[in-house]
file entry-v9.cif (mmCIF, C-alpha atoms and all ligand atoms)
data_input
loop_
_atom_site.label_atom_id
_atom_site.label_comp_id
_atom_site.auth_asym_id
_atom_site.auth_seq_id
_atom_site.Cartn_x
_atom_site.Cartn_y
_atom_site.Cartn_z
CA MET S 1 0.00 0.00 0.00
CA THR S 2 1.48 3.37 -1.01
CA ALA S 3 1.75 5.71 1.95
CA VAL S 4 -0.09 9.04 1.82
CA MET S 5 2.91 10.61 3.48
CA GLU S 6 6.28 9.26 4.51
CA ALA S 7 8.96 10.79 6.70
CA LYS S 8 12.51 9.51 6.14
CA GLY S 9 15.24 10.33 8.64
CA LEU S 10 13.39 13.56 9.44
CA SER S 11 15.20 16.00 11.76
CA LYS S 12 14.61 19.46 13.13
CA HIS S 13 17.42 21.06 15.11
CA PHE S 14 17.17 24.50 16.71
CA GLN S 15 20.01 26.75 17.81
CA ALA S 16 19.49 27.77 21.43
CA ARG S 17 21.36 29.91 23.93
CA ARG S 18 22.57 28.29 27.10
CA GLY S 19 21.75 29.99 30.38
CA LEU S 20 19.96 33.20 31.28
CA PHE S 21 22.55 35.58 29.81
CA GLY S 22 23.18 33.86 26.53
CA GLY S 23 26.66 32.42 26.36
CA SER S 24 27.64 29.57 24.11
CA ARG S 25 24.95 28.30 21.86
CA GLY S 26 23.68 24.75 21.95
CA VAL S 27 21.63 22.68 19.58
CA VAL S 28 18.25 21.28 20.50
CA ARG S 29 17.48 18.16 18.50
CA ALA S 30 13.70 18.58 18.73
CA VAL S 31 13.19 15.87 16.12
CA ASP S 32 16.11 13.56 15.48
CA GLU S 33 16.14 11.27 12.44
CA ILE S 34 12.67 9.85 12.71
CA SER S 35 10.97 7.76 10.01
CA PHE S 36 7.32 6.83 9.70
CA ALA S 37 4.64 6.32 7.06
CA ILE S 38 0.92 7.01 7.11
CA ALA S 39 -1.21 4.62 5.06
CA PRO S 40 -4.42 5.71 3.29
CA GLY S 41 -7.38 5.61 5.71
CA HIS S 42 -5.10 4.97 8.68
CA THR S 43 -4.38 6.91 11.87
CA LEU S 44 -0.83 7.21 13.11
CA GLY S 45 -0.77 8.20 16.79
CA VAL S 46 2.25 10.02 18.23
CA VAL S 47 2.75 9.87 21.99
CA GLY S 48 5.32 11.02 24.54
CA GLU S 49 5.66 13.54 27.34
CA SER S 50 5.75 17.29 26.73
CA GLY S 51 8.95 18.25 24.91
CA CYS S 52 9.38 14.86 23.19
CA GLY S 53 9.02 16.35 19.70
CA LYS S 54 5.35 15.66 18.93
CA THR S 55 4.42 19.24 18.09
CA THR S 56 7.56 19.85 16.03
CA THR S 57 6.77 16.69 14.07
CA ALA S 58 3.27 18.06 13.37
CA LYS S 59 4.74 21.39 12.23
CA LEU S 60 7.17 19.64 9.88
CA VAL S 61 4.35 17.59 8.34
CA LEU S 62 2.24 20.74 7.92
CA GLY S 63 5.16 22.55 6.28
CA LEU S 64 5.20 25.18 9.06
CA GLU S 65 8.83 24.28 9.79
CA ALA S 66 11.53 23.31 7.30
CA PRO S 67 13.44 20.12 8.18
CA SER S 68 17.12 20.34 9.15
CA GLY S 69 17.64 16.89 7.67
CA GLY S 70 15.84 13.97 6.10
CA SER S 71 12.74 14.33 3.99
CA ILE S 72 8.98 14.22 3.78
CA GLN S 73 7.69 12.31 0.79
CA PHE S 74 4.30 13.12 -0.67
CA GLU S 75 2.93 11.11 -3.59
CA GLY S 76 6.41 9.62 -3.86
CA HIS S 77 8.17 13.02 -4.17
CA ASP S 78 10.34 14.86 -1.69
CA LEU S 79 8.42 17.94 -0.46
CA ALA S 80 11.57 20.03 -0.76
CA THR S 81 11.77 19.36 -4.50
CA LEU S 82 8.10 19.90 -5.39
CA ASP S 83 7.36 22.62 -7.92
CA THR S 84 4.84 25.35 -7.05
CA PRO S 85 1.73 23.42 -8.23
CA GLY S 86 3.01 20.37 -6.31
CA GLN S 87 3.42 22.44 -3.15
CA ARG S 88 -0.10 23.83 -3.56
CA ARG S 89 -1.45 20.29 -3.95
CA TYR S 90 0.37 19.28 -0.78
CA ARG S 91 -0.98 22.24 1.20
CA LYS S 92 -4.51 21.37 0.09
CA SER S 93 -4.04 17.67 0.81
CA VAL S 94 -2.75 18.15 4.35
CA GLN S 95 -4.92 20.09 6.79
CA ALA S 96 -4.99 20.49 10.58
CA VAL S 97 -7.29 20.66 13.58
CA PHE S 98 -5.71 22.23 16.65
CA GLN S 99 -6.35 21.96 20.36
CA ASP S 100 -8.17 25.17 21.08
CA PRO S 101 -11.38 25.73 19.11
CA TYR S 102 -11.78 29.09 20.90
CA ALA S 103 -8.52 30.45 19.51
CA SER S 104 -8.70 28.89 16.05
CA LEU S 105 -11.99 30.48 14.90
CA ASN S 106 -12.10 34.19 14.06
CA PRO S 107 -14.79 35.62 16.41
CA ARG S 108 -15.80 38.32 13.89
CA MET S 109 -16.53 35.94 11.03
CA ARG S 110 -19.73 34.02 10.42
CA ILE S 111 -19.38 30.23 10.43
CA SER S 112 -20.05 30.03 6.68
CA ALA S 113 -17.10 32.38 5.99
CA ILE S 114 -14.85 30.51 8.46
CA ILE S 115 -15.52 27.14 6.85
CA ALA S 116 -15.33 28.47 3.29
CA GLU S 117 -12.16 30.56 3.76
CA PRO S 118 -9.63 27.92 2.56
CA LEU S 119 -11.83 27.22 -0.49
CA VAL S 120 -12.28 30.88 -1.39
CA THR S 121 -8.53 31.51 -0.95
CA ASN S 122 -7.36 28.49 -2.94
CA GLU S 123 -9.90 27.95 -5.68
CA LYS S 124 -12.16 29.94 -7.94
CA THR S 125 -15.60 28.74 -6.84
CA GLU S 126 -19.04 30.23 -7.51
CA ALA S 127 -20.78 31.66 -4.42
CA VAL S 128 -23.68 29.18 -4.80
CA GLU S 129 -21.26 26.24 -4.83
CA VAL S 130 -19.38 27.61 -1.81
CA ARG S 131 -22.65 27.86 0.14
CA GLN S 132 -23.59 24.33 -0.93
CA ARG S 133 -20.23 22.99 0.21
CA VAL S 134 -20.52 24.73 3.59
CA LEU S 135 -23.99 23.23 4.18
CA GLU S 136 -22.71 19.76 3.16
CA LEU S 137 -19.87 20.03 5.65
CA LEU S 138 -22.10 21.27 8.47
CA ASP S 139 -24.31 18.24 7.91
CA LEU S 140 -21.24 15.97 7.83
CA VAL S 141 -20.06 17.22 11.26
CA GLY S 142 -23.56 17.07 12.78
CA LEU S 143 -24.48 20.77 12.90
CA PRO S 144 -27.75 22.27 11.60
CA GLU S 145 -27.82 24.43 8.43
CA ARG S 146 -28.71 27.57 10.39
CA SER S 147 -25.23 27.41 12.03
CA ALA S 148 -23.84 28.87 8.80
CA ASP S 149 -25.09 32.37 9.61
CA LEU S 150 -24.07 32.46 13.29
CA PHE S 151 -20.82 33.55 14.97
CA PRO S 152 -18.40 31.36 16.96
CA HIS S 153 -19.49 32.73 20.37
CA GLU S 154 -22.94 31.24 19.79
CA PHE S 155 -21.53 27.70 20.02
CA SER S 156 -20.23 25.42 22.79
CA GLY S 157 -16.61 24.15 22.82
CA GLY S 158 -17.59 20.83 21.25
CA GLN S 159 -19.62 22.54 18.53
CA ARG S 160 -16.71 24.88 17.78
CA GLN S 161 -14.43 21.90 17.34
CA ARG S 162 -16.99 20.46 14.89
CA ILE S 163 -16.75 23.75 12.97
CA ALA S 164 -12.93 23.55 12.98
CA ILE S 165 -13.18 19.98 11.65
CA ALA S 166 -15.60 21.10 8.89
CA ARG S 167 -13.14 23.85 7.90
CA SER S 168 -10.26 21.35 7.76
CA LEU S 169 -12.27 19.23 5.29
CA VAL S 170 -13.40 21.93 2.88
CA LEU S 171 -10.52 21.29 0.44
CA SER S 172 -11.06 17.49 0.58
CA PRO S 173 -7.66 16.68 2.13
CA GLN S 174 -6.07 13.23 2.24
CA LEU S 175 -4.35 13.75 5.59
CA VAL S 176 -5.52 15.71 8.64
CA VAL S 177 -3.09 16.49 11.45
CA LEU S 178 -5.03 16.32 14.72
CA ASP S 179 -2.94 18.17 17.32
CA GLU S 180 -4.53 17.51 20.74
CA PRO S 181 -8.01 17.85 19.17
CA VAL S 182 -10.02 17.04 22.31
CA SER S 183 -7.80 18.08 25.23
CA ALA S 184 -9.43 21.52 25.63
CA LEU S 185 -12.92 20.00 25.72
CA ASP S 186 -15.06 18.76 28.61
CA VAL S 187 -14.52 15.08 29.30
CA SER S 188 -18.19 14.39 28.45
CA ILE S 189 -17.74 15.85 24.94
CA ARG S 190 -14.41 14.22 24.07
CA ALA S 191 -15.84 10.82 23.11
CA GLN S 192 -18.38 12.47 20.78
CA ILE S 193 -15.67 14.34 18.88
CA LEU S 194 -13.43 11.27 18.68
CA ASN S 195 -16.36 9.22 17.34
CA LEU S 196 -17.11 11.94 14.79
CA LEU S 197 -13.47 11.85 13.64
CA ARG S 198 -13.60 8.07 13.26
CA ASN S 199 -16.86 8.24 11.31
CA LEU S 200 -15.43 10.88 9.00
CA GLN S 201 -12.35 8.73 8.46
CA THR S 202 -14.50 5.78 7.39
CA ARG S 203 -16.78 7.86 5.16
CA LEU S 204 -14.09 9.94 3.48
CA GLY S 205 -11.10 7.57 3.60
CA LEU S 206 -9.06 10.15 5.53
CA SER S 207 -5.64 9.55 7.07
CA TYR S 208 -4.86 11.14 10.43
CA LEU S 209 -1.68 12.06 12.24
CA PHE S 210 -3.06 12.06 15.78
CA ILE S 211 -1.05 13.82 18.45
CA ALA S 212 -2.30 13.70 22.02
CA HIS S 213 -1.13 13.15 25.56
CA ASP S 214 -4.30 11.18 26.34
CA LEU S 215 -2.97 7.67 25.73
CA ALA S 216 -6.38 6.01 25.96
CA ALA S 217 -7.65 8.29 23.17
CA VAL S 218 -4.57 7.60 21.03
CA ALA S 219 -4.86 3.84 21.54
CA HIS S 220 -8.59 4.01 20.69
CA MET S 221 -8.11 6.12 17.54
CA SER S 222 -4.87 4.84 16.04
CA HIS S 223 -3.93 1.99 13.73
CA GLU S 224 -0.23 2.47 14.40
CA ILE S 225 1.56 4.36 17.21
CA VAL S 226 5.02 5.88 17.45
CA VAL S 227 6.42 6.67 20.90
CA MET S 228 8.87 9.58 21.07
CA TYR S 229 11.40 10.50 23.73
CA LEU S 230 13.64 13.56 23.40
CA GLY S 231 13.15 13.80 19.66
CA LYS S 232 13.69 10.13 18.85
CA ILE S 233 11.31 7.27 18.18
CA VAL S 234 11.87 4.65 20.88
CA GLU S 235 9.08 2.27 19.87
CA SER S 236 6.58 1.94 17.04
CA GLY S 237 4.07 -0.63 15.93
CA GLU S 238 0.45 -1.71 15.62
CA ALA S 239 -1.56 0.37 18.09
CA ARG S 240 -3.47 -2.25 20.01
CA ALA S 241 -0.50 -4.60 20.49
CA LEU S 242 1.74 -1.70 21.52
CA ALA S 243 -0.79 -0.34 24.05
CA LEU S 244 -1.58 -3.76 25.53
CA GLU S 245 1.97 -5.05 25.58
CA PRO S 246 4.52 -2.26 25.41
CA LYS S 247 8.13 -3.43 25.06
CA HIS S 248 10.35 -0.37 25.56
CA PRO S 249 10.77 0.58 29.26
CA TYR S 250 9.68 4.16 28.41
CA THR S 251 6.50 2.99 26.66
CA LYS S 252 5.78 0.70 29.63
CA ALA S 253 6.21 3.55 32.10
CA LEU S 254 4.13 5.90 29.97
CA PHE S 255 1.19 3.52 29.72
CA ALA S 256 1.48 2.42 33.38
CA ALA S 257 1.40 6.07 34.49
CA ALA S 258 -1.65 6.71 32.33
CA LEU S 259 -3.71 4.04 34.08
CA PRO S 260 -5.97 5.64 36.67
CA SER S 261 -5.69 4.27 40.23
CA HIS S 262 -9.48 4.45 40.50
CA PRO S 263 -11.99 3.90 37.65
CA ASP S 264 -13.57 7.34 38.27
CA GLU S 265 -10.23 9.11 38.16
CA ARG S 266 -9.21 10.62 34.86
CA ARG S 267 -5.60 11.60 34.34
CA ASP S 268 -4.66 13.68 31.36
CA GLU S 269 -0.89 13.98 31.41
CA PRO S 270 0.89 10.77 32.44
CA VAL S 271 3.27 11.41 35.32
CA LEU S 272 6.49 9.41 35.22
CA GLN S 273 9.23 9.08 37.79
CA GLY S 274 11.96 11.69 37.31
CA GLU S 275 11.99 14.69 35.02
CA VAL S 276 12.42 14.84 31.27
CA PRO S 277 16.09 15.88 30.84
CA SER S 278 16.88 19.19 29.17
CA PRO S 279 16.87 18.71 25.39
CA LEU S 280 19.90 21.06 25.33
CA ALA S 281 21.96 18.49 27.21
CA PRO S 282 20.36 15.08 26.65
CA PRO S 283 21.88 12.15 28.58
CA SER S 284 24.60 10.17 26.83
CA GLY S 285 23.92 6.77 25.26
CA CYS S 286 20.24 5.90 25.63
CA HIS S 287 18.57 9.23 26.49
CA PHE S 288 16.18 7.39 28.83
CA HIS S 289 18.90 5.77 30.97
CA PRO S 290 18.71 8.12 34.04
CA ARG S 291 15.03 7.18 34.45
CA CYS S 292 15.16 3.56 33.35
CA PRO S 293 14.85 0.78 35.95
CA HIS S 294 16.75 -1.62 33.64
CA ALA S 295 19.69 0.66 32.78
CA THR S 296 23.18 -0.89 32.68
CA ALA S 297 26.61 0.70 32.19
CA ARG S 298 26.30 0.09 28.45
CA CYS S 299 23.09 2.16 28.32
CA ALA S 300 24.95 5.30 29.42
CA GLN S 301 27.59 4.82 26.70
CA GLU S 302 25.89 3.47 23.62
CA ALA S 303 22.71 4.74 21.98
CA PRO S 304 20.44 1.80 21.06
CA ARG S 305 19.33 1.54 17.42
CA LEU S 306 15.71 1.06 16.44
CA ARG S 307 15.41 -2.61 15.48
CA ALA S 308 12.62 -4.99 14.48
CA VAL S 309 11.32 -6.97 17.46
CA GLU S 310 8.33 -9.29 17.04
CA GLY S 311 6.42 -7.19 14.54
CA ARG S 312 7.38 -3.77 15.86
CA PHE S 313 10.40 -1.51 16.22
CA VAL S 314 12.12 -0.91 19.56
CA ALA S 315 15.26 1.07 20.46
CA CYS S 316 16.55 -0.61 23.62
CA HIS S 317 19.60 -2.77 24.43
CA LEU S 318 17.32 -5.24 26.22
CA PHE S 319 16.18 -6.38 22.77
CA ASP S 320 19.57 -6.65 21.05
FE1 LIG Y 1 16.64 1.27 29.60
FE2 LIG Y 1 19.04 0.67 28.58
FE3 LIG Y 1 16.81 0.07 27.23
FE4 LIG Y 1 17.60 2.59 27.47
S1 LIG Y 1 18.68 0.95 26.40
S2 LIG Y 1 15.54 1.82 27.73
S3 LIG Y 1 18.41 2.60 29.53
S4 LIG Y 1 17.47 -0.77 29.21
#

call {"tool": "encode", "arguments": {"input": "entry-v9.cif", "output": "C-alpha cells", "more": "lines below"}}
Ligand code: SF4
result
Amino acid sequence: MTAVMEAKGLSKHFQARRGLFGGSRGVVRAVDEISFAIAPGHTLGVVGESGCGKTTTAKLVLGLEAPSGGSIQFEGHDLATLDTPGQRRYRKSVQAVFQDPYASLNPRMRISAIIAEPLVTNEKTEAVEVRQRVLELLDLVGLPERSADLFPHEFSGGQRQRIAIARSLVLSPQLVVLDEPVSALDVSIRAQILNLLRNLQTRLGLSYLFIAHDLAAVAHMSHEIVVMYLGKIVESGEARALALEPKHPYTKALFAAALPSHPDERRDEPVLQGEVPSPLAPPSGCHFHPRCPHATARCAQEAPRLRAVEGRFVACHLFD
C-alpha cells in the first residue's frame, strides 16, 4: 500500500542559547532522524511527554517548519523538490485541527465564511457552490444548516471543534493532522468528537496524524503508534499490540502512568518518575537511561538503534 505521506530520517534542530545571559549556543534536536509512514485511511498516533518532539513533528508535516535533515515524501516526491503546483497540492491535501477551538476560529466571522475561507482563498468557486459545500460540511459534522449564519461565540466548545473539523475538510484533504483535538474540551464531549473523527475517516477515507497526551484516546483512535522520547522514536508498531503489551521501558512507564488508580479518576498527562532531561543536554547513550529501571553501564555509553522486534520496532539494548 502506497503511503499518503512518509517521513525519512526527518530532523529538526534548533540553535538555542545556554543559560539566562546567553553564552555559548547549543543545539536542541527537537526531532532527530525519525521515520514513519501514514497509510491511506489509517491513523498514526504520536505519543510522549511534553517536549518529546510531537508538536515539532506536526509542524514539519504541515510545512510550518523546514526540516534540518531527512525528507517528507508526498505522492512519492520529496516535499523540498516539489514545484509550485506540487506544493499547492500538498498544502490542500494536508490540513490540521488544533487543540483550542476558541482560539482557532475568528470571532468576527460568520461560520459560513470561516468554513469556506480555505476554499475561497485556494480555488475559484461560484458563491452558490461555496454555500452548498458549507452546508454539506455542516451536515457531515452534525451541525444544523442555520449554524452557517451564526458567529463562533454562539456555540459550545464541542460545537466549535466540529466547525474547525468542517473547515479542515473543505478542500477534501487526504491527511488531517489532529494536534490535541479534544484536550481543551469537557470530558463528556471528548468521546463524541473522537467518534465523529472516526466516522469521517470511514466515510471519506481520511488519514490522520493524531497527536495527544491522552494515551487512551490515542490507543482508541490509532492503527499504528510511534512513541517519542527527546526527539527520537523509541518504539513503534500496531496500536493495540503496543498499548496492551509495550516493550520499551519508556512505553511501559508511559502507559502504566496513564492508568488511573481508581476507575472514576481521569488523568490527562501521564506522570512518570523523574523529570524529562533538558533537550539542550540530553543524557549520553540511551537518552532514557537516568530514568530507566533496567539501565546498565552500556546504556549510558551506547545509543540503542531502532530494530525490528516481534512485529514492531524498539530502540533498547534489552532487545539486542
Ligand atoms: Fe533502559 Fe538501557 Fe533500554 Fe535505554 S537501552 S531503555 S536505559 S534498558

call {"tool": "closest_residue", "arguments": {"input": "entry-v9.cif", "among": "S:Leu44, S:Val27, S:Ala243, S:Leu196", "to": "Gln161 (chain S)", "atoms": "only C-alpha atoms"}}
result
S:Leu196

call {"tool": "residues_near_ligand", "arguments": {"input": "entry-v9.cif", "ligand": "ligand LIG 1 (chain Y)", "cutoff": "12 Å", "atoms": "only C-alpha atoms and all ligand atoms", "output": "ChimeraX atom specification"}}
result
/S:229,233-235,246-253,283-307,314-320

call {"tool": "closest_residue", "arguments": {"input": "entry-v9.cif", "among": "S:Ile225, S:Ala308, S:Leu10, S:Ala113", "to": "Glu65 (chain S)", "atoms": "all atoms listed in the file"}}
result
S:Leu10

call {"tool": "closest_residue", "arguments": {"input": "entry-v9.cif", "among": "S:Gly237, S:Gly26, S:Gly9, S:Pro277", "to": "His223 (chain S)", "atoms": "all atoms listed in the file"}}
result
S:Gly237

call {"tool": "closest_residue", "arguments": {"input": "entry-v9.cif", "among": "S:Gly53, S:Gly41, S:Pro144, S:Gly70", "to": "Leu175 (chain S)", "atoms": "all atoms listed in the file"}}
result
S:Gly41

call {"tool": "closest_atom_pairs", "arguments": {"input": "entry-v9.cif", "of": "region 124-172 of chain S", "to": "region 88-91 of chain S", "cutoff": "12 Å", "atoms": "all atoms listed in the file", "output": "JSON lines"}}
result
{"residue": "S:Ser168", "atom": "CA", "partner": "S:Arg91", "partner_atom": "CA", "distance": 11.4}
{"residue": "S:Leu171", "atom": "CA", "partner": "S:Arg91", "partner_atom": "CA", "distance": 9.6}
{"residue": "S:Ser172", "atom": "CA", "partner": "S:Arg89", "partner_atom": "CA", "distance": 11.0}

call {"tool": "residues_around", "arguments": {"input": "entry-v9.cif", "residues": "Lys232 (chain S)", "least_positions_apart": "2", "cutoff": "7 Å", "atoms": "only C-alpha atoms", "output": "list in words"}}
result
Val31, Asp32, Glu33, Ile34, Met228, Tyr229, Leu230 and Val234 of chain S

call {"tool": "atom_distance", "arguments": {"input": "entry-v9.cif", "atom1": "CA of Leu209 (chain S)", "atom2": "CA of Val176 (chain S)"}}
result
6.4 Å

call {"tool": "closest_residue", "arguments": {"input": "entry-v9.cif", "among": "S:Leu105, S:Ala256, S:Ala281, S:Val120", "to": "Leu215 (chain S)", "atoms": "all atoms listed in the file"}}
result
S:Ala256

call {"tool": "closest_atom_pairs", "arguments": {"input": "entry-v9.cif", "of": "region 183-222 of chain S", "to": "region 4-7 of chain S", "cutoff": "12 Å", "atoms": "all atoms listed in the file", "output": "CSV"}}
result
residue,atom,partner,partner_atom,distance
S:Gly205,CA,S:Val4,CA,11.2
S:Leu206,CA,S:Val4,CA,9.8
S:Ser207,CA,S:Val4,CA,7.7
S:Tyr208,CA,S:Val4,CA,10.1
S:Leu209,CA,S:Met5,CA,10.0

call {"tool": "write_last_selection", "arguments": {"input": "entry-v9.cif", "atoms": "C-alpha atoms", "output": "JSON list (two decimals), keeping the file's coordinate frame"}}
result
[["chain", "number", "residue", "atom", "x", "y", "z"],
["S", 205, "GLY", "CA", -11.10, 7.57, 3.60],
["S", 206, "LEU", "CA", -9.06, 10.15, 5.53],
["S", 207, "SER", "CA", -5.64, 9.55, 7.07],
["S", 208, "TYR", "CA", -4.86, 11.14, 10.43],
["S", 209, "LEU", "CA", -1.68, 12.06, 12.24]]

call {"tool": "residues_near_point", "arguments": {"input": "entry-v9.cif", "point": "(4.3, 13.3, 17.6)", "cutoff": "8 Å", "atoms": "all atoms listed in the file", "output": "short mmCIF file (atom, residue, chain, number, x, y, z; two decimals) with C-alpha atoms, in the frame of the given file"}}
result
data_model
loop_
_atom_site.label_atom_id
_atom_site.label_comp_id
_atom_site.auth_asym_id
_atom_site.auth_seq_id
_atom_site.Cartn_x
_atom_site.Cartn_y
_atom_site.Cartn_z
CA GLY S 45 -0.77 8.20 16.79
CA VAL S 46 2.25 10.02 18.23
CA VAL S 47 2.75 9.87 21.99
CA GLY S 48 5.32 11.02 24.54
CA CYS S 52 9.38 14.86 23.19
CA GLY S 53 9.02 16.35 19.70
CA LYS S 54 5.35 15.66 18.93
CA THR S 55 4.42 19.24 18.09
CA THR S 56 7.56 19.85 16.03
CA THR S 57 6.77 16.69 14.07
CA ALA S 58 3.27 18.06 13.37
CA PHE S 210 -3.06 12.06 15.78
CA ILE S 211 -1.05 13.82 18.45
CA ALA S 212 -2.30 13.70 22.02
CA VAL S 226 5.02 5.88 17.45
CA VAL S 227 6.42 6.67 20.90
CA MET S 228 8.87 9.58 21.07
#

call {"tool": "residues_around", "arguments": {"input": "entry-v9.cif", "residues": "Ala116 (chain S)", "least_positions_apart": "4", "cutoff": "12 Å", "atoms": "all atoms listed in the file", "output": "PyMOL selection string"}}
result
chain S and resi 109-112+120-138+148+163-164+166-171

call {"tool": "atom_distance", "arguments": {"input": "entry-v9.cif", "atom1": "CA of Ser35 (chain S)", "atom2": "CA of Lys12 (chain S)"}}
result
12.6 Å

call {"tool": "atom_distance", "arguments": {"input": "entry-v9.cif", "atom1": "CA of Arg162 (chain S)", "atom2": "CA of Glu117 (chain S)"}}
result
15.8 Å

call {"tool": "closest_residue", "arguments": {"input": "entry-v9.cif", "among": "S:Ser236, S:Ser188, S:Ser278, S:Ser11", "to": "Leu60 (chain S)", "atoms": "all atoms listed in the file"}}
result
S:Ser11

call {"tool": "residues_near_point", "arguments": {"input": "entry-v9.cif", "point": "(18.6, 26.8, 14.1)", "cutoff": "9 Å", "atoms": "all atoms listed in the file", "output": "list in words"}}
result
Lys12, His13, Phe14, Gln15, Ala16, Val27, Val28 and Ser68 of chain S
